$ cat protein.csv   # CSV, C-alpha atoms
chain,number,residue,atom,x,y,z
A,1,MET,CA,127.8,138.2,122.4
A,2,ASP,CA,124.6,137.3,120.4
A,3,VAL,CA,124.4,134.3,118.0
A,4,GLN,CA,125.0,136.4,114.9
A,5,GLY,CA,127.9,138.1,116.5
A,6,TRP,CA,129.5,134.8,117.4
A,7,LEU,CA,128.9,133.4,113.9
A,8,GLU,CA,130.8,136.3,112.5
A,9,THR,CA,133.9,135.2,114.3
A,10,VAL,CA,134.1,131.7,112.7
A,11,PRO,CA,134.9,130.7,109.1
A,12,ALA,CA,132.0,130.1,106.6
A,13,VAL,CA,132.6,126.3,106.6
A,14,SER,CA,132.1,126.3,110.4
A,15,VAL,CA,128.9,128.2,110.0
A,16,TYR,CA,127.5,125.6,107.6
A,17,ILE,CA,128.5,122.7,110.0
A,18,LEU,CA,127.2,124.4,113.1
A,19,VAL,CA,123.8,125.2,111.5
A,20,ALA,CA,123.4,121.6,110.3
A,21,ALA,CA,124.6,120.2,113.6
A,22,VAL,CA,122.3,122.3,115.8
A,23,ILE,CA,119.2,121.6,113.7
A,24,GLY,CA,120.1,118.0,113.5
A,25,VAL,CA,120.5,117.6,117.3
A,26,GLU,CA,117.3,119.5,117.8
A,27,SER,CA,115.5,117.1,115.5
A,28,LEU,CA,116.8,114.2,117.5
A,29,GLY,CA,114.6,115.4,120.4
A,30,ILE,CA,117.1,117.6,122.2
A,31,PRO,CA,115.7,121.1,122.7
A,32,LEU,CA,118.2,123.5,121.0
A,33,PRO,CA,117.6,126.8,119.3
A,34,GLY,CA,117.8,125.5,115.8
A,35,GLU,CA,115.6,128.2,114.3
A,36,ILE,CA,117.4,131.0,116.0
A,37,VAL,CA,120.8,129.8,114.7
A,38,LEU,CA,119.4,129.4,111.2
A,39,VAL,CA,117.9,132.9,111.2
A,40,ALA,CA,121.1,134.4,112.5
A,41,ALA,CA,123.2,132.6,109.9
A,42,ALA,CA,120.9,133.6,107.0
A,43,LEU,CA,121.0,137.2,108.1
A,44,LEU,CA,124.8,137.0,108.3
A,45,ALA,CA,124.8,135.5,104.8
A,46,SER,CA,123.0,138.6,103.5
A,47,GLN,CA,125.8,140.8,104.9
A,48,ASN,CA,128.8,138.5,104.3
A,49,GLY,CA,129.7,137.4,100.8
A,50,ASP,CA,131.7,134.5,102.2
A,51,ILE,CA,128.5,132.6,103.2
A,52,ASP,CA,126.5,131.2,100.3
A,53,PRO,CA,122.8,131.2,101.2
A,54,VAL,CA,122.2,128.2,98.8
A,55,VAL,CA,124.8,126.1,100.6
A,56,LEU,CA,123.5,127.3,104.0
A,57,GLY,CA,119.9,126.2,103.0
A,58,ILE,CA,121.2,122.8,101.8
A,59,CYS,CA,123.1,122.2,105.1
A,60,ALA,CA,120.1,123.3,107.2
A,61,SER,CA,117.8,121.0,105.2
A,62,ALA,CA,120.2,118.1,105.5
A,63,GLY,CA,120.5,118.6,109.2
A,64,ALA,CA,116.7,118.6,109.6
A,65,VAL,CA,116.2,115.5,107.5
A,66,VAL,CA,119.1,113.5,108.9
A,67,GLY,CA,118.4,114.5,112.5
A,68,ASP,CA,114.7,113.6,112.2
A,69,SER,CA,115.6,110.2,110.6
A,70,ILE,CA,118.0,109.3,113.4
A,71,GLY,CA,115.4,110.4,115.9
A,72,PHE,CA,112.8,108.2,114.2
A,73,ALA,CA,115.2,105.2,114.4
A,74,ILE,CA,115.9,105.9,118.1
A,75,GLY,CA,112.2,106.2,118.8
A,76,ARG,CA,111.3,103.0,117.0
A,77,LYS,CA,113.9,101.1,119.0
A,78,GLY,CA,113.5,102.9,122.3
A,79,GLY,CA,109.7,103.2,122.4
A,80,ARG,CA,107.9,104.5,125.4
A,81,PRO,CA,110.9,104.3,127.7
A,82,LEU,CA,112.6,106.9,125.5
A,83,LEU,CA,109.8,109.4,126.0
A,84,ALA,CA,109.8,108.7,129.8
A,85,TRP,CA,113.6,109.3,129.8
A,86,LEU,CA,113.3,112.5,127.8
A,87,GLY,CA,110.6,113.6,130.3
A,88,THR,CA,113.0,113.4,133.1
A,89,LYS,CA,115.7,115.4,131.2
A,90,PHE,CA,113.4,118.0,129.6
A,91,PRO,CA,110.1,118.1,131.6
A,92,LYS,CA,109.0,121.4,130.1
A,93,HIS,CA,109.0,120.0,126.6
A,94,PHE,CA,108.3,116.3,127.2
A,95,SER,CA,105.5,116.6,129.8
A,96,GLU,CA,102.6,114.1,129.6
A,97,SER,CA,100.2,116.7,128.3
A,98,ASN,CA,102.5,117.7,125.5
A,99,ILE,CA,103.2,114.1,124.6
A,100,GLY,CA,99.5,113.4,124.6
A,101,VAL,CA,98.7,116.2,122.2
A,102,ALA,CA,101.5,115.3,119.8
A,103,GLU,CA,100.6,111.6,119.9
A,104,ARG,CA,96.9,112.3,119.0
A,105,SER,CA,98.0,114.5,116.2
A,106,PHE,CA,100.4,111.9,114.8
A,107,LYS,CA,97.9,109.0,115.1
A,108,LYS,CA,95.2,110.9,113.3
A,109,TRP,CA,97.2,112.9,110.7
A,110,GLY,CA,100.5,111.0,110.4
A,111,MET,CA,102.4,112.6,107.5
A,112,TRP,CA,100.8,116.0,107.8
A,113,ALA,CA,101.8,116.1,111.5
A,114,VAL,CA,105.4,115.4,110.5
A,115,PHE,CA,105.3,118.1,107.8
A,116,PHE,CA,103.6,120.9,109.7
A,117,GLY,CA,105.5,119.9,112.9
A,118,ARG,CA,108.6,121.3,111.3
A,119,PHE,CA,107.2,124.8,111.5
A,120,ILE,CA,106.2,124.5,115.2
A,121,ALA,CA,109.0,124.5,117.8
A,122,LEU,CA,107.6,121.9,120.1
A,123,LEU,CA,106.5,119.4,117.4
A,124,ARG,CA,109.8,119.9,115.6
A,125,ILE,CA,111.5,118.3,118.6
A,126,PHE,CA,108.8,115.5,118.8
A,127,ALA,CA,108.5,114.6,115.2
A,128,GLY,CA,111.3,112.1,114.7
A,129,PRO,CA,111.2,110.2,118.0
A,130,LEU,CA,107.4,110.1,118.3
A,131,ALA,CA,106.9,109.0,114.7
A,132,GLY,CA,109.3,106.1,115.5
A,133,VAL,CA,107.5,105.3,118.8
A,134,LEU,CA,104.2,105.1,117.0
A,135,LYS,CA,105.7,102.8,114.3
A,136,MET,CA,104.8,105.1,111.4
A,137,PRO,CA,105.9,103.4,108.1
A,138,TYR,CA,109.3,104.8,107.4
A,139,TRP,CA,108.6,105.7,103.7
A,140,LYS,CA,105.7,107.9,104.9
A,141,PHE,CA,107.8,109.5,107.5
A,142,LEU,CA,110.7,110.1,105.1
A,143,VAL,CA,108.5,111.8,102.5
A,144,ALA,CA,106.9,114.1,105.0
A,145,ASN,CA,110.2,114.7,106.7
A,146,MET,CA,112.1,115.6,103.6
A,147,LEU,CA,109.3,117.9,102.3
A,148,GLY,CA,109.0,119.6,105.7
A,149,GLY,CA,112.7,119.9,106.3
A,150,VAL,CA,113.4,121.4,102.8
A,151,VAL,CA,110.4,123.8,102.9
A,152,TRP,CA,111.2,125.0,106.5
A,153,ALA,CA,115.0,125.2,106.3
A,154,GLY,CA,115.1,126.4,102.7
A,155,GLY,CA,112.2,128.8,103.1
A,156,THR,CA,113.5,130.3,106.3
A,157,THR,CA,117.0,130.8,104.7
A,158,ALA,CA,115.5,132.4,101.6
A,159,ILE,CA,113.1,134.8,103.4
A,160,ILE,CA,115.7,136.0,106.0
A,161,TYR,CA,118.4,136.3,103.4
A,162,SER,CA,116.1,138.3,101.1
A,163,VAL,CA,115.0,140.5,104.0
A,164,GLY,CA,118.7,141.2,104.9
A,165,LYS,CA,119.5,142.1,101.3
A,166,VAL,CA,116.5,144.4,101.0
A,167,ALA,CA,117.4,146.1,104.3
A,168,GLU,CA,121.0,146.6,103.2
A,169,ALA,CA,120.0,148.1,99.9
A,170,TRP,CA,117.3,150.4,101.3
A,171,LEU,CA,119.5,151.5,104.2
A,172,SER,CA,121.8,153.2,101.8
A,173,ARG,CA,118.9,155.1,100.3
A,174,PHE,CA,116.2,155.5,102.9
A,175,SER,CA,118.1,155.0,106.2
A,176,TRP,CA,116.2,153.3,109.0
A,177,LEU,CA,112.9,153.3,107.1
A,178,GLY,CA,114.1,150.6,104.8
A,179,LEU,CA,115.2,148.4,107.7
A,180,VAL,CA,111.8,148.8,109.4
A,181,LEU,CA,109.9,147.8,106.3
A,182,ALA,CA,112.1,144.9,105.5
A,183,VAL,CA,111.9,143.5,109.0
A,184,LEU,CA,108.1,143.9,108.9
A,185,ILE,CA,107.9,142.0,105.6
A,186,GLY,CA,110.1,139.1,107.0
A,187,ALA,CA,108.2,139.0,110.3
A,188,GLY,CA,104.9,139.0,108.6
A,189,SER,CA,105.9,136.1,106.3
A,190,MET,CA,107.1,134.0,109.2
A,191,LEU,CA,104.0,134.7,111.3
A,192,PHE,CA,101.8,133.8,108.4
A,193,VAL,CA,103.4,130.4,108.0
A,194,ARG,CA,103.4,129.8,111.8
A,195,ARG,CA,99.7,130.9,112.1
A,196,ARG,CA,98.7,128.6,109.3
A,197,ALA,CA,100.6,125.7,110.9
A,198,LYS,CA,99.1,126.3,114.4
A,199,ARG,CA,95.6,126.7,112.9
A,200,ALA,CA,95.9,123.3,111.2
A,201,GLU,CA,97.2,121.8,114.4
A,202,ALA,CA,94.2,123.3,116.4
A,203,GLU,CA,91.8,121.9,113.8
A,204,ARG,CA,93.4,118.4,114.1
A,205,GLU,CA,93.1,118.5,117.9
A,206,ALA,CA,89.5,119.6,117.7
A,207,GLU,CA,88.6,116.8,115.4
A,208,ALA,CA,90.5,114.3,117.5
A,209,GLU,CA,88.3,115.3,120.5
A,210,GLU,CA,85.0,115.0,118.7
A,211,PRO,CA,84.7,111.2,118.9
A,212,LYS,CA,85.2,111.3,122.7
A,213,GLU,CA,82.5,113.9,123.1
A,214,SER,CA,80.1,111.8,120.9
A,215,VAL,CA,80.8,108.7,123.1
A,216,THR,CA,80.1,110.7,126.3
A,217,ALA,CA,76.8,112.1,124.9
A,218,GLY,CA,75.7,108.6,123.9
A,219,GLU,CA,76.2,107.3,127.4

$ encode --input "protein.csv" --output "structure tokens"
Amino acid sequence: MDVQGWLETVPAVSVYILVAAVIGVESLGIPLPGEIVLVAAALLASQNGDIDPVVLGICASAGAVVGDSIGFAIGRKGGRPLLAWLGTKFPKHFSESNIGVAERSFKKWGMWAVFFGRFIALLRIFAGPLAGVLKMPYWKFLVANMLGGVVWAGGTTAIIYSVGKVAEAWLSRFSWLGLVLAVLIGAGSMLFVRRRAKRAEAEREAEAEEPKESVTAGE
């Protein structure tokens, strides 16, 4: 049974709680499929009148903000040993190379890294704990965290819900053609947001490497 199929078997309240919990735990630094669960729940909301997309978006946003904040507190207290421990548990995500890239991004861009990190799976896991490890001022982290969490969770819910509604309406008129077009619109929107976020991340990494190259040339 897929995620959406499983969500269909539980009450609406349980869907809200599950979405908030999975996204929250993912934001703590534990690799979980938060985005997949959110997309499945938003699509289900477009087909099931019992699930309110507004409540779903609020729960997803709350899970993202609260989870990141707890991750920040844990990172601030646990420091480097925390990253080392996470590396032993999740070597694929918390490898030295991944930590290095994320750390350079956070040191140079701070709040922007937290905001855009919400749209990138790997940085979404890193954001809270790493910001705490690097002693980012909490008010800066909170502002970027809240904006990123609301835009990502609320935006994803709105887009997928709208796509589902369009698909359902068009299917009754144009059969599978409506579904294909609706899916393409939704996929295009998500890819656009992700591409912009990844491009911004690549530019930040390139700028972070420039000082090193200048020093090497000078020597």

$ closest_residue --input "protein.csv" --among "A:Val22, A:Gly71, A:Phe141, A:Thr9" --to "Trp109 in chain A" --atoms "all atoms listed in the file"
A:Phe141

$ closest_residue --input "protein.csv" --among "A:Ala131, A:Leu18, A:Ile160, A:Ala153" --to "Ile58 in chain A" --atoms "all atoms listed in the file"
A:Ala153

$ residues_around --input "protein.csv" --residues "Ala21 in chain A" --least-positions-apart "2" --cutoff "10 Å" --atoms "all atoms listed in the file" --output "ChimeraX atom specification"
/A:15-19,23-27,34,59-60,62-64,66-67

$ write_last_selection --input "protein.csv" --atoms "C-alpha atoms" --output "CSV table (one decimal), keeping the file's coordinate frame"
chain,number,residue,atom,x,y,z
A,15,VAL,CA,128.9,128.2,110.0
A,16,TYR,CA,127.5,125.6,107.6
A,17,ILE,CA,128.5,122.7,110.0
A,18,LEU,CA,127.2,124.4,113.1
A,19,VAL,CA,123.8,125.2,111.5
A,23,ILE,CA,119.2,121.6,113.7
A,24,GLY,CA,120.1,118.0,113.5
A,25,VAL,CA,120.5,117.6,117.3
A,26,GLU,CA,117.3,119.5,117.8
A,27,SER,CA,115.5,117.1,115.5
A,34,GLY,CA,117.8,125.5,115.8
A,59,CYS,CA,123.1,122.2,105.1
A,60,ALA,CA,120.1,123.3,107.2
A,62,ALA,CA,120.2,118.1,105.5
A,63,GLY,CA,120.5,118.6,109.2
A,64,ALA,CA,116.7,118.6,109.6
A,66,VAL,CA,119.1,113.5,108.9
A,67,GLY,CA,118.4,114.5,112.5

$ closest_residue --input "protein.csv" --among "A:Leu82, A:Leu147, A:Ile120, A:Ile51" --to "Pro11 in chain A" --atoms "only C-alpha atoms"
A:Ile51

$ atom_distance --input "protein.csv" --atom1 "CA of Arg124 in chain A" --atom2 "CA of Val10 in chain A"
27.2 Å

$ residues_around --input "protein.csv" --residues "Gly148 in chain A" --least-positions-apart "5" --cutoff "12 Å" --atoms "all atoms listed in the file" --output "list of chain:residue names"
A:Ala60, A:Ser61, A:Ala62, A:Ala64, A:Val65, A:Asp68, A:Met111, A:Trp112, A:Ala113, A:Val114, A:Phe115, A:Phe116, A:Gly117, A:Arg118, A:Phe119, A:Ile120, A:Leu123, A:Arg124, A:Ala127, A:Gly128, A:Phe141, A:Leu142, A:Val143, A:Ala153, A:Gly154, A:Gly155, A:Thr156, A:Ala197

$ closest_residue --input "protein.csv" --among "A:Pro31, A:Gly149, A:Gly49, A:Gly164" --to "Ser69 in chain A" --atoms "only C-alpha atoms"
A:Gly149

$ residues_near_point --input "protein.csv" --point "(121.0, 134.1, 104.8)" --cutoff "10 Å" --atoms "only C-alpha atoms" --output "PyMOL selection string"
chain A and resi 38-48+51-57+154+156-165

$ write_last_selection --input "protein.csv" --atoms "C-alpha atoms" --output "short mmCIF file (atom, residue, chain, number, x, y, z; two decimals), in the frame of the given file"
data_model
loop_
_atom_site.label_atom_id
_atom_site.label_comp_id
_atom_site.auth_asym_id
_atom_site.auth_seq_id
_atom_site.Cartn_x
_atom_site.Cartn_y
_atom_site.Cartn_z
CA LEU A 38 119.40 129.40 111.20
CA VAL A 39 117.90 132.90 111.20
CA ALA A 40 121.10 134.40 112.50
CA ALA A 41 123.20 132.60 109.90
CA ALA A 42 120.90 133.60 107.00
CA LEU A 43 121.00 137.20 108.10
CA LEU A 44 124.80 137.00 108.30
CA ALA A 45 124.80 135.50 104.80
CA SER A 46 123.00 138.60 103.50
CA GLN A 47 125.80 140.80 104.90
CA ASN A 48 128.80 138.50 104.30
CA ILE A 51 128.50 132.60 103.20
CA ASP A 52 126.50 131.20 100.30
CA PRO A 53 122.80 131.20 101.20
CA VAL A 54 122.20 128.20 98.80
CA VAL A 55 124.80 126.10 100.60
CA LEU A 56 123.50 127.30 104.00
CA GLY A 57 119.90 126.20 103.00
CA GLY A 154 115.10 126.40 102.70
CA THR A 156 113.50 130.30 106.30
CA THR A 157 117.00 130.80 104.70
CA ALA A 158 115.50 132.40 101.60
CA ILE A 159 113.10 134.80 103.40
CA ILE A 160 115.70 136.00 106.00
CA TYR A 161 118.40 136.30 103.40
CA SER A 162 116.10 138.30 101.10
CA VAL A 163 115.00 140.50 104.00
CA GLY A 164 118.70 141.20 104.90
CA LYS A 165 119.50 142.10 101.30
#

$ residues_around --input "protein.csv" --residues "Ala73 in chain A" --least-positions-apart "3" --cutoff "8 Å" --atoms "only C-alpha atoms" --output "PyMOL selection string"
chain A and resi 69-70+76-77+128-129+132

$ write_last_selection --input "protein.csv" --atoms "C-alpha atoms" --output "tab-separated table (two decimals), keeping the file's coordinate frame"
chain	number	residue	atom	x	y	z
A	69	SER	CA	115.60	110.20	110.60
A	70	ILE	CA	118.00	109.30	113.40
A	76	ARG	CA	111.30	103.00	117.00
A	77	LYS	CA	113.90	101.10	119.00
A	128	GLY	CA	111.30	112.10	114.70
A	129	PRO	CA	111.20	110.20	118.00
A	132	GLY	CA	109.30	106.10	115.50

$ atom_distance --input "protein.csv" --atom1 "CA of Ile30 in chain A" --atom2 "CA of Asn145 in chain A"
17.2 Å

$ atom_distance --input "protein.csv" --atom1 "CA of Val133 in chain A" --atom2 "CA of Phe106 in chain A"
10.5 Å

$ closest_residue --input "protein.csv" --among "A:Leu130, A:Ala144, A:Val151, A:Ala84" --to "Arg104 in chain A" --atoms "all atoms listed in the file"
A:Leu130
